Structure formats: structure tokens, C-alpha cells
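Structure data follow from model.cif (mmCIF, C-alpha atoms; chains and numbers go by the auth columns):
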```
data_input
loop_
_atom_site.group_PDB
_atom_site.id
_atom_site.type_symbol
_atom_site.label_atom_id
_atom_site.label_comp_id
_atom_site.label_asym_id
_atom_site.label_seq_id
_atom_site.Cartn_x
_atom_site.Cartn_y
_atom_site.Cartn_z
_atom_site.B_iso_or_equiv
_atom_site.auth_seq_id
_atom_site.auth_asym_id
ATOM 1 C CA MET A 1 16.895 -15.102 -7.020 0.00 1 A
ATOM 2 C CA GLU A 2 20.357 -14.469 -5.604 0.00 2 A
ATOM 3 C CA ASP A 3 19.813 -10.709 -6.047 0.00 3 A
ATOM 4 C CA ILE A 4 16.713 -10.915 -3.854 0.00 4 A
ATOM 5 C CA PHE A 5 18.665 -12.643 -1.084 0.00 5 A
ATOM 6 C CA ASN A 6 21.480 -10.081 -1.356 0.00 6 A
ATOM 7 C CA SER A 7 18.910 -7.294 -1.086 0.00 7 A
ATOM 8 C CA LEU A 8 17.425 -8.991 1.981 0.00 8 A
ATOM 9 C CA THR A 9 20.836 -9.078 3.601 0.00 9 A
ATOM 10 C CA THR A 10 21.306 -5.379 2.845 0.00 10 A
ATOM 11 C CA TYR A 11 17.822 -3.938 3.336 0.00 11 A
ATOM 12 C CA GLY A 12 15.851 -6.755 4.982 0.00 12 A
ATOM 13 C CA TYR A 13 16.183 -5.518 8.537 0.00 13 A
ATOM 14 C CA ILE A 14 15.182 -1.969 7.578 0.00 14 A
ATOM 15 C CA ALA A 15 12.122 -3.291 5.713 0.00 15 A
ATOM 16 C CA LEU A 16 11.327 -5.586 8.644 0.00 16 A
ATOM 17 C CA PHE A 17 11.528 -2.654 11.063 0.00 17 A
ATOM 18 C CA LEU A 18 9.244 -0.456 8.951 0.00 18 A
ATOM 19 C CA TYR A 19 6.739 -3.261 8.407 0.00 19 A
ATOM 20 C CA SER A 20 6.736 -4.161 12.106 0.00 20 A
ATOM 21 C CA LEU A 21 5.750 -0.663 13.177 0.00 21 A
ATOM 22 C CA GLY A 22 2.222 -1.656 12.200 0.00 22 A
ATOM 23 C CA GLY A 23 2.282 -5.170 13.621 0.00 23 A
ATOM 24 C CA GLY A 24 4.907 -7.356 12.045 0.00 24 A
ATOM 25 C CA PHE A 25 3.224 -10.767 12.150 0.00 25 A
ATOM 26 C CA PHE A 26 3.911 -11.800 8.549 0.00 26 A
ATOM 27 C CA GLY A 27 7.292 -10.049 8.533 0.00 27 A
ATOM 28 C CA LEU A 28 8.332 -11.982 11.620 0.00 28 A
ATOM 29 C CA ILE A 29 7.181 -15.276 10.089 0.00 29 A
ATOM 30 C CA ALA A 30 9.136 -14.483 6.912 0.00 30 A
ATOM 31 C CA ALA A 31 12.221 -13.457 8.922 0.00 31 A
ATOM 32 C CA GLY A 32 12.031 -16.723 10.887 0.00 32 A
ATOM 33 C CA ALA A 33 11.883 -18.767 7.687 0.00 33 A
ATOM 34 C CA LEU A 34 14.706 -16.756 6.115 0.00 34 A
ATOM 35 C CA SER A 35 16.752 -17.189 9.290 0.00 35 A
ATOM 36 C CA TYR A 36 16.183 -20.930 9.023 0.00 36 A
ATOM 37 C CA LEU A 37 17.609 -20.722 5.494 0.00 37 A
ATOM 38 C CA GLY A 38 20.612 -18.762 6.790 0.00 38 A
ATOM 39 C CA LYS A 39 19.718 -15.544 4.927 0.00 39 A
ATOM 40 C CA MET A 40 18.929 -13.517 8.060 0.00 40 A
ATOM 41 C CA ASP A 41 19.812 -13.765 11.749 0.00 41 A
ATOM 42 C CA ILE A 42 16.880 -14.801 13.966 0.00 42 A
ATOM 43 C CA VAL A 43 18.109 -12.936 17.063 0.00 43 A
ATOM 44 C CA VAL A 44 18.610 -9.675 15.158 0.00 44 A
ATOM 45 C CA SER A 45 15.270 -10.158 13.390 0.00 45 A
ATOM 46 C CA MET A 46 13.406 -10.704 16.651 0.00 46 A
ATOM 47 C CA LEU A 47 15.129 -7.711 18.243 0.00 47 A
ATOM 48 C CA VAL A 48 14.201 -5.511 15.262 0.00 48 A
ATOM 49 C CA VAL A 49 10.566 -6.655 15.372 0.00 49 A
ATOM 50 C CA PHE A 50 10.418 -6.193 19.159 0.00 50 A
ATOM 51 C CA VAL A 51 11.642 -2.600 19.002 0.00 51 A
ATOM 52 C CA ALA A 52 9.425 -1.697 16.029 0.00 52 A
ATOM 53 C CA ASN A 53 6.356 -3.415 17.486 0.00 53 A
ATOM 54 C CA TYR A 54 6.812 -1.657 20.817 0.00 54 A
ATOM 55 C CA LEU A 55 7.391 1.750 19.212 0.00 55 A
ATOM 56 C CA GLY A 56 4.454 1.301 16.811 0.00 56 A
ATOM 57 C CA ASP A 57 2.027 0.599 19.643 0.00 57 A
ATOM 58 C CA MET A 58 3.389 3.485 21.693 0.00 58 A
ATOM 59 C CA LEU A 59 2.992 5.809 18.697 0.00 59 A
ATOM 60 C CA LEU A 60 -0.625 4.709 18.174 0.00 60 A
ATOM 61 C CA PHE A 61 -1.362 5.235 21.871 0.00 61 A
ATOM 62 C CA TYR A 62 0.281 8.672 21.786 0.00 62 A
ATOM 63 C CA LEU A 63 -1.575 9.740 18.630 0.00 63 A
ATOM 64 C CA ALA A 64 -4.896 8.662 20.107 0.00 64 A
ATOM 65 C CA ARG A 65 -4.201 10.507 23.341 0.00 65 A
ATOM 66 C CA TYR A 66 -2.886 13.773 21.916 0.00 66 A
ATOM 67 C CA ASN A 67 -4.101 13.902 18.285 0.00 67 A
ATOM 68 C CA LYS A 68 -7.711 12.769 18.394 0.00 68 A
ATOM 69 C CA ALA A 69 -8.545 14.795 15.275 0.00 69 A
ATOM 70 C CA MET A 70 -6.009 12.763 13.294 0.00 70 A
ATOM 71 C CA ILE A 71 -7.495 9.464 14.504 0.00 71 A
ATOM 72 C CA ALA A 72 -11.191 10.451 14.077 0.00 72 A
ATOM 73 C CA PRO A 73 -11.532 9.535 10.346 0.00 73 A
ATOM 74 C CA TYR A 74 -9.962 6.135 11.037 0.00 74 A
ATOM 75 C CA MET A 75 -12.402 5.548 13.895 0.00 75 A
ATOM 76 C CA LYS A 76 -15.433 6.274 11.710 0.00 76 A
ATOM 77 C CA SER A 77 -14.528 3.600 9.199 0.00 77 A
ATOM 78 C CA HIS A 78 -13.794 0.992 11.895 0.00 78 A
ATOM 79 C CA ARG A 79 -16.523 1.644 14.488 0.00 79 A
ATOM 80 C CA ARG A 80 -17.423 -1.997 14.987 0.00 80 A
ATOM 81 C CA LYS A 81 -13.800 -3.057 15.391 0.00 81 A
ATOM 82 C CA PHE A 82 -13.308 -0.273 17.938 0.00 82 A
ATOM 83 C CA ALA A 83 -16.336 -1.571 19.800 0.00 83 A
ATOM 84 C CA LEU A 84 -14.738 -5.030 19.831 0.00 84 A
ATOM 85 C CA SER A 85 -11.502 -3.495 21.121 0.00 85 A
ATOM 86 C CA ARG A 86 -13.347 -1.715 23.903 0.00 86 A
ATOM 87 C CA LEU A 87 -15.083 -4.965 24.843 0.00 87 A
ATOM 88 C CA LEU A 88 -11.699 -6.690 25.059 0.00 88 A
ATOM 89 C CA ILE A 89 -10.418 -3.907 27.295 0.00 89 A
ATOM 90 C CA LYS A 90 -13.523 -3.986 29.475 0.00 90 A
ATOM 91 C CA LYS A 91 -13.510 -7.776 29.777 0.00 91 A
ATOM 92 C CA TYR A 92 -9.764 -8.388 30.225 0.00 92 A
ATOM 93 C CA GLY A 93 -8.450 -5.084 31.607 0.00 93 A
ATOM 94 C CA ASP A 94 -4.655 -4.844 31.560 0.00 94 A
ATOM 95 C CA PHE A 95 -4.418 -8.303 29.994 0.00 95 A
ATOM 96 C CA ALA A 96 -5.926 -6.808 26.799 0.00 96 A
ATOM 97 C CA VAL A 97 -2.485 -5.316 26.067 0.00 97 A
ATOM 98 C CA PHE A 98 -1.182 -8.898 25.793 0.00 98 A
ATOM 99 C CA ILE A 99 -4.195 -10.364 23.982 0.00 99 A
ATOM 100 C CA GLN A 100 -4.253 -7.702 21.266 0.00 100 A
ATOM 101 C CA LYS A 101 -0.816 -8.741 20.006 0.00 101 A
ATOM 102 C CA PHE A 102 -2.232 -12.092 18.905 0.00 102 A
ATOM 103 C CA ILE A 103 -5.489 -10.965 17.268 0.00 103 A
ATOM 104 C CA TYR A 104 -4.863 -9.907 13.712 0.00 104 A
ATOM 105 C CA GLY A 105 -6.967 -6.891 12.758 0.00 105 A
ATOM 106 C CA VAL A 106 -7.438 -5.693 16.337 0.00 106 A
ATOM 107 C CA LYS A 107 -3.759 -5.209 17.117 0.00 107 A
ATOM 108 C CA THR A 108 -3.678 -1.571 16.013 0.00 108 A
ATOM 109 C CA LEU A 109 -7.070 -0.702 17.465 0.00 109 A
ATOM 110 C CA VAL A 110 -6.506 -1.611 21.128 0.00 110 A
ATOM 111 C CA PRO A 111 -3.661 0.904 21.656 0.00 111 A
ATOM 112 C CA ILE A 112 -5.844 3.578 20.041 0.00 112 A
ATOM 113 C CA ALA A 113 -8.841 2.654 22.198 0.00 113 A
ATOM 114 C CA LEU A 114 -6.657 2.672 25.320 0.00 114 A
ATOM 115 C CA GLY A 115 -5.193 6.051 24.340 0.00 115 A
ATOM 116 C CA LEU A 116 -8.663 7.508 23.903 0.00 116 A
ATOM 117 C CA SER A 117 -9.879 6.066 27.186 0.00 117 A
ATOM 118 C CA GLY A 118 -7.478 7.898 29.487 0.00 118 A
ATOM 119 C CA TYR A 119 -5.460 4.767 30.277 0.00 119 A
ATOM 120 C CA SER A 120 -2.089 5.540 31.864 0.00 120 A
ATOM 121 C CA PHE A 121 0.621 6.121 29.241 0.00 121 A
ATOM 122 C CA PHE A 122 3.284 4.857 31.659 0.00 122 A
ATOM 123 C CA LYS A 123 1.304 1.712 32.506 0.00 123 A
ATOM 124 C CA PHE A 124 0.678 0.961 28.839 0.00 124 A
ATOM 125 C CA GLY A 125 4.365 1.431 28.058 0.00 125 A
ATOM 126 C CA LEU A 126 5.342 -0.870 30.906 0.00 126 A
ATOM 127 C CA LEU A 127 2.867 -3.619 29.929 0.00 127 A
ATOM 128 C CA ASN A 128 3.752 -3.266 26.254 0.00 128 A
ATOM 129 C CA ILE A 129 7.358 -4.405 26.918 0.00 129 A
ATOM 130 C CA PRO A 130 6.548 -7.974 28.017 0.00 130 A
ATOM 131 C CA ALA A 131 3.595 -8.161 25.591 0.00 131 A
ATOM 132 C CA SER A 132 5.868 -7.317 22.642 0.00 132 A
ATOM 133 C CA ALA A 133 8.558 -9.697 23.919 0.00 133 A
ATOM 134 C CA ILE A 134 6.113 -12.617 24.253 0.00 134 A
ATOM 135 C CA PHE A 135 4.677 -11.926 20.797 0.00 135 A
ATOM 136 C CA VAL A 136 8.131 -11.797 19.190 0.00 136 A
ATOM 137 C CA LEU A 137 9.510 -14.825 21.012 0.00 137 A
ATOM 138 C CA PHE A 138 6.437 -16.938 20.276 0.00 138 A
ATOM 139 C CA PHE A 139 6.124 -16.253 16.554 0.00 139 A
ATOM 140 C CA GLY A 140 9.846 -15.723 15.918 0.00 140 A
ATOM 141 C CA LEU A 141 10.899 -19.037 17.436 0.00 141 A
ATOM 142 C CA LEU A 142 7.871 -20.855 16.034 0.00 142 A
ATOM 143 C CA SER A 143 8.650 -19.700 12.488 0.00 143 A
ATOM 144 C CA TYR A 144 12.361 -20.414 12.910 0.00 144 A
ATOM 145 C CA LYS A 145 11.753 -23.932 14.238 0.00 145 A
ATOM 146 C CA GLY A 146 9.074 -24.504 11.586 0.00 146 A
ATOM 147 C CA GLY A 147 11.239 -23.048 8.828 0.00 147 A
ATOM 148 C CA GLU A 148 11.394 -26.321 6.942 0.00 148 A
ATOM 149 C CA GLN A 149 7.595 -26.570 6.837 0.00 149 A
ATOM 150 C CA ILE A 150 7.274 -22.931 5.714 0.00 150 A
ATOM 151 C CA VAL A 151 9.837 -23.439 2.944 0.00 151 A
ATOM 152 C CA THR A 152 8.081 -26.648 1.857 0.00 152 A
ATOM 153 C CA PHE A 153 4.726 -24.851 1.846 0.00 153 A
ATOM 154 C CA PHE A 154 6.059 -22.062 -0.393 0.00 154 A
ATOM 155 C CA ALA A 155 7.760 -24.575 -2.688 0.00 155 A
ATOM 156 C CA HIS A 156 4.406 -26.311 -3.021 0.00 156 A
ATOM 157 C CA ILE A 157 2.730 -22.964 -3.764 0.00 157 A
ATOM 158 C CA LYS A 158 5.391 -22.214 -6.371 0.00 158 A
ATOM 159 C CA ALA A 159 4.731 -25.565 -8.042 0.00 159 A
ATOM 160 C CA ASN A 160 0.954 -24.992 -7.895 0.00 160 A
ATOM 161 C CA PRO A 161 0.360 -21.256 -8.382 0.00 161 A
ATOM 162 C CA TRP A 162 -3.427 -21.626 -8.199 0.00 162 A
ATOM 163 C CA LEU A 163 -3.090 -22.448 -4.462 0.00 163 A
ATOM 164 C CA LEU A 164 -1.928 -18.973 -3.401 0.00 164 A
ATOM 165 C CA PRO A 165 -5.156 -17.162 -4.370 0.00 165 A
ATOM 166 C CA LEU A 166 -7.135 -19.957 -2.711 0.00 166 A
ATOM 167 C CA VAL A 167 -5.141 -19.668 0.529 0.00 167 A
ATOM 168 C CA LEU A 168 -5.466 -15.874 0.509 0.00 168 A
ATOM 169 C CA ILE A 169 -9.224 -16.039 -0.113 0.00 169 A
ATOM 170 C CA LEU A 170 -9.637 -18.533 2.732 0.00 170 A
ATOM 171 C CA LEU A 171 -7.477 -16.457 5.089 0.00 171 A
ATOM 172 C CA LEU A 172 -9.160 -13.157 4.283 0.00 172 A
ATOM 173 C CA GLY A 173 -12.599 -14.783 4.259 0.00 173 A
ATOM 174 C CA GLY A 174 -11.934 -16.271 7.681 0.00 174 A
ATOM 175 C CA LEU A 175 -10.848 -12.897 9.049 0.00 175 A
ATOM 176 C CA TRP A 176 -13.887 -11.204 7.524 0.00 176 A
ATOM 177 C CA PHE A 177 -16.217 -13.861 8.960 0.00 177 A
ATOM 178 C CA TYR A 178 -14.639 -13.529 12.414 0.00 178 A
ATOM 179 C CA PHE A 179 -15.029 -9.745 12.463 0.00 179 A
ATOM 180 C CA GLU A 180 -18.569 -9.917 11.123 0.00 180 A
ATOM 181 C CA LYS A 181 -19.533 -12.374 13.825 0.00 181 A
ATOM 182 C CA ALA A 182 -17.592 -10.675 16.642 0.00 182 A
ATOM 183 C CA THR A 183 -18.862 -7.183 15.830 0.00 183 A
ATOM 184 C CA ARG A 184 -22.455 -8.037 14.841 0.00 184 A
ATOM 185 C CA LYS A 185 -25.128 -5.994 16.562 0.00 185 A
ATOM 186 C CA ARG A 186 -27.056 -8.132 18.977 0.00 186 A
ATOM 187 C CA GLU A 187 -30.762 -7.666 19.366 0.00 187 A
ATOM 188 C CA PRO A 188 -31.826 -7.024 22.990 0.00 188 A
#
```
Would you write out, as C-alpha cells, the structure that this file holds?
Amino acid sequence: MEDIFNSLTTYGYIALFLYSLGGGFFGLIAAGALSYLGKMDIVVSMLVVFVANYLGDMLLFYLARYNKAMIAPYMKSHRRKFALSRLLIKKYGDFAVFIQKFIYGVKTLVPIALGLSGYSFFKFGLLNIPASAIFVLFFGLLSYKGGEQIVTFFAHIKANPWLLPLVLILLLGGLWFYFEKATRKREP
């Protein structure tokens, strides 16, 4: 176990950066809990996630704007989620840049949809700064302050290994149900 913590000290921030390019929610929660335990630094962790989250969204926007052929296969397999993303953009406008940070599963699709729509690259980049900061501050501080509860939860899972598959099934089932309901075709 000590080797894992030493590896986290050495490579944890690099792994956190790479993971956070695609979102970083669970990485940020883990970094907050590890910071609570004194194995990582919460300020450095939040800064790493902020930079990676911002750059990841900017990269997705850029790829959608200038490499549509590369994005096209991804769009085909996620048509309904793209439709949901476009509805968010249509309904909330610029505020969709903020909302998408907090909706797991849509987070990567909104920057792509905005990039395809002709949305201003500069405006997206400008709005993405406070959106990424709010996301990182909210979940980073929440997980750091709730570190004791997170550690207790994982200790309970370790003592009862059958709980982890149950929690994962419930989490994934809830996400699936949400997307099925949110993206269902409505009869006119």
C-alpha cells in the first residue's frame, strides 16, 4: 500500500492531468480525498485539473471546428446525446458552457456541438475559464472537506466487497436511465 502512495506522490499529478483532459470528475474527487489524507496537495491538484479541463474542452472545440471528419464517427454513435447537447445550447445559450461541466456524459459533447455550430472560439475560450474554475473549486473543495466521508465509504467497500459492483450498477444504471429519458424521441 505504501508503494501506491509513493507512486501517487511521484506520478499522481501527471495521471490526474491526463485523466482530466477528458473531464476529471472522479480524478478530482480522488485527489480531494487523497489531499485530505495528506498524500497530495489540494491546491496543486485543483490547479492541475483546472488546466487540463480547460485545455481538454478547448481541444474538443478545436477538433470539431477544424477536423469534422475526425469527429464524424463519434457523432454517429452518439446522435441522441448530441441532440441533447444542442437542446442545452439552444435553451441556455452561453450558460450551457457552465452547465455542461456538471452533467456527466454530456461534458465532452457540448464543446463539440458548439465547435460544429460556428460558435465563437474566442467566446468559448473566455467562458470556459470561469466554468472550469467553478467546476474545480466546487468538486475539489467538496471532496477535500468531505474527505473523511469518502475514506469511510471506501473502507466500508473494502470490508464489504460485494457493495462496489452494486454501487457501480446503480450509478451506471442511473446514468443510462437519465440519457434514455432525456434523449427519447417524443411523438408529435
Next on the checklist: Just to confirm, what's the straight-line distance from CA of Gly146 in chain A to CA of Val49 in chain A in Å (one decimal)?
Outcome noted: 18.3 Å
Next on the checklist: List as a list in words the protein and nucleic acid residues near Ile99 in chain A, meaning an atom at most 10 Å away when only C-alpha atoms are counted, but skip any in the same chain fewer than 3 places from it.
Outcome noted: Leu88, Ile89, Tyr92, Asp94, Phe95, Ala96, Phe102, Ile103, Val106, Lys107, Val110, Ala131 and Phe135 of chain A
Next on the checklist: Could you check which residues have any atom within 12 Å of (-6.9, 4.3, 26.2), counting all atoms listed in the file with coordinates taken straight from the file, and then list them as an MDAnalysis selection string?
Outcome noted: chainID A and resid 57:58 60:66 68 82 85:86 89:90 93:94 96:97 109:125
Item to check | Nearby residues (all atoms listed in the file) at most 7 Å from Ala52 in chain A, same-chain spacing under 3 positions excluded, as a ChimeraX atom specification | outcome: /A:17,20-21,48-49,55-56
Next on the checklist: Suppose a student applies the PyMOL selection byres ((chain A and resi 50) around 12) to this structure; what residues should they get, written as number ranges by chain?
Outcome noted: A: 16-25, 27-28, 42-49, 51-57, 101, 128-140
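Proximity ranking of A:Tyr104, A:Pro161, A:Leu126, A:Lys39 relative to Trp176 in chain A places A:Tyr104 first, based on only C-alpha atoms.
Interatomic distance, CA of Ser35 in chain A against CA of Leu166 in chain A: 26.9 Å.
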Checklist entry - By how many Å are CA of Ala83 in chain A and CA of Phe177 in chain A apart? => result 16.4 Å
Checklist entry - Which neighbours of Ile157 in chain A fall inside 12 Å, counting all atoms listed in the file, when residues of the same chain fewer than 6 positions from it are skipped, and could you give them as number ranges by chain? => result A: 150-151, 163-168
Assuming 8 Å of padding per side, give the centre and edge lengths of the axis-aligned box around every listed atom of range 108-113 of chain A, in Å to one decimal and as JSON.
```
{"center_x": -6.3, "center_y": 1.0, "center_z": 19.1, "size_x": 21.2, "size_y": 21.2, "size_z": 22.2}
```
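Proximity of A:Leu141, A:Asn160, A:Ala155, A:Leu34 to Tyr13 in chain A, computed with only C-alpha atoms, is greatest for A:Leu34.
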From the structure just shown, export range 123-158 of chain A with N, CA and C atoms as a short mmCIF file (atom, residue, chain, number, x, y, z; two decimals), in the first residue's frame.
```
data_model
loop_
_atom_site.label_atom_id
_atom_site.label_comp_id
_atom_site.auth_asym_id
_atom_site.auth_seq_id
_atom_site.Cartn_x
_atom_site.Cartn_y
_atom_site.Cartn_z
N LYS A 123 -14.96 33.42 -27.68
CA LYS A 123 -16.00 33.49 -26.66
C LYS A 123 -16.05 32.20 -25.84
N PHE A 124 -15.94 31.06 -26.52
CA PHE A 124 -15.92 29.79 -25.80
C PHE A 124 -14.73 29.72 -24.86
N GLY A 125 -13.56 30.12 -25.36
CA GLY A 125 -12.36 30.11 -24.53
C GLY A 125 -12.49 31.00 -23.31
N LEU A 126 -13.10 32.16 -23.50
CA LEU A 126 -13.30 33.10 -22.41
C LEU A 126 -14.29 32.56 -21.37
N LEU A 127 -15.40 31.99 -21.82
CA LEU A 127 -16.40 31.44 -20.90
C LEU A 127 -15.91 30.15 -20.23
N ASN A 128 -15.03 29.44 -20.91
CA ASN A 128 -14.53 28.17 -20.38
C ASN A 128 -13.63 28.38 -19.16
N ILE A 129 -13.01 29.56 -19.04
CA ILE A 129 -12.13 29.84 -17.88
C ILE A 129 -12.93 29.83 -16.58
N PRO A 130 -13.97 30.69 -16.45
CA PRO A 130 -14.72 30.63 -15.18
C PRO A 130 -15.51 29.33 -15.01
N ALA A 131 -15.96 28.73 -16.10
CA ALA A 131 -16.70 27.46 -15.99
C ALA A 131 -15.79 26.37 -15.42
N SER A 132 -14.56 26.28 -15.92
CA SER A 132 -13.61 25.29 -15.40
C SER A 132 -13.25 25.60 -13.95
N ALA A 133 -13.07 26.88 -13.64
CA ALA A 133 -12.71 27.27 -12.27
C ALA A 133 -13.83 26.91 -11.28
N ILE A 134 -15.08 27.19 -11.65
CA ILE A 134 -16.21 26.87 -10.76
C ILE A 134 -16.32 25.36 -10.56
N PHE A 135 -16.18 24.61 -11.65
CA PHE A 135 -16.22 23.15 -11.57
C PHE A 135 -15.15 22.63 -10.62
N VAL A 136 -13.92 23.09 -10.79
CA VAL A 136 -12.80 22.61 -9.99
C VAL A 136 -12.94 23.04 -8.53
N LEU A 137 -13.30 24.27 -8.29
CA LEU A 137 -13.46 24.73 -6.92
C LEU A 137 -14.58 23.98 -6.20
N PHE A 138 -15.71 23.80 -6.89
CA PHE A 138 -16.84 23.13 -6.27
C PHE A 138 -16.50 21.69 -5.87
N PHE A 139 -16.08 20.89 -6.84
CA PHE A 139 -15.84 19.48 -6.56
C PHE A 139 -14.53 19.25 -5.81
N GLY A 140 -13.52 20.09 -6.05
CA GLY A 140 -12.25 19.94 -5.34
C GLY A 140 -12.40 20.21 -3.85
N LEU A 141 -13.05 21.34 -3.52
CA LEU A 141 -13.24 21.67 -2.11
C LEU A 141 -14.24 20.75 -1.44
N LEU A 142 -15.29 20.37 -2.17
CA LEU A 142 -16.28 19.45 -1.63
C LEU A 142 -15.64 18.11 -1.26
N SER A 143 -14.81 17.58 -2.16
CA SER A 143 -14.18 16.29 -1.88
C SER A 143 -13.10 16.41 -0.80
N TYR A 144 -12.44 17.55 -0.73
CA TYR A 144 -11.44 17.75 0.31
C TYR A 144 -12.11 17.86 1.68
N LYS A 145 -13.16 18.66 1.75
CA LYS A 145 -13.88 18.83 3.02
C LYS A 145 -14.62 17.54 3.41
N GLY A 146 -15.06 16.78 2.43
CA GLY A 146 -15.74 15.51 2.70
C GLY A 146 -14.80 14.32 2.65
N GLY A 147 -13.52 14.57 2.77
CA GLY A 147 -12.52 13.50 2.68
C GLY A 147 -12.74 12.38 3.68
N GLU A 148 -13.15 12.74 4.89
CA GLU A 148 -13.37 11.72 5.91
C GLU A 148 -14.51 10.78 5.49
N GLN A 149 -15.58 11.35 4.93
CA GLN A 149 -16.71 10.52 4.49
C GLN A 149 -16.31 9.63 3.31
N ILE A 150 -15.50 10.16 2.40
CA ILE A 150 -15.05 9.38 1.25
C ILE A 150 -14.17 8.22 1.70
N VAL A 151 -13.25 8.50 2.63
CA VAL A 151 -12.37 7.46 3.15
C VAL A 151 -13.19 6.41 3.90
N THR A 152 -14.16 6.83 4.67
CA THR A 152 -15.03 5.89 5.39
C THR A 152 -15.82 5.03 4.42
N PHE A 153 -16.33 5.66 3.36
CA PHE A 153 -17.09 4.93 2.34
C PHE A 153 -16.22 3.84 1.70
N PHE A 154 -14.98 4.19 1.32
CA PHE A 154 -14.11 3.19 0.70
C PHE A 154 -13.64 2.12 1.69
N ALA A 155 -13.52 2.47 2.95
CA ALA A 155 -13.19 1.46 3.96
C ALA A 155 -14.36 0.48 4.11
N HIS A 156 -15.56 1.02 4.04
CA HIS A 156 -16.76 0.17 4.10
C HIS A 156 -16.84 -0.74 2.88
N ILE A 157 -16.50 -0.20 1.72
CA ILE A 157 -16.49 -1.00 0.48
C ILE A 157 -15.42 -2.10 0.57
N LYS A 158 -14.27 -1.74 1.15
CA LYS A 158 -13.20 -2.73 1.29
C LYS A 158 -13.62 -3.87 2.23
#
```
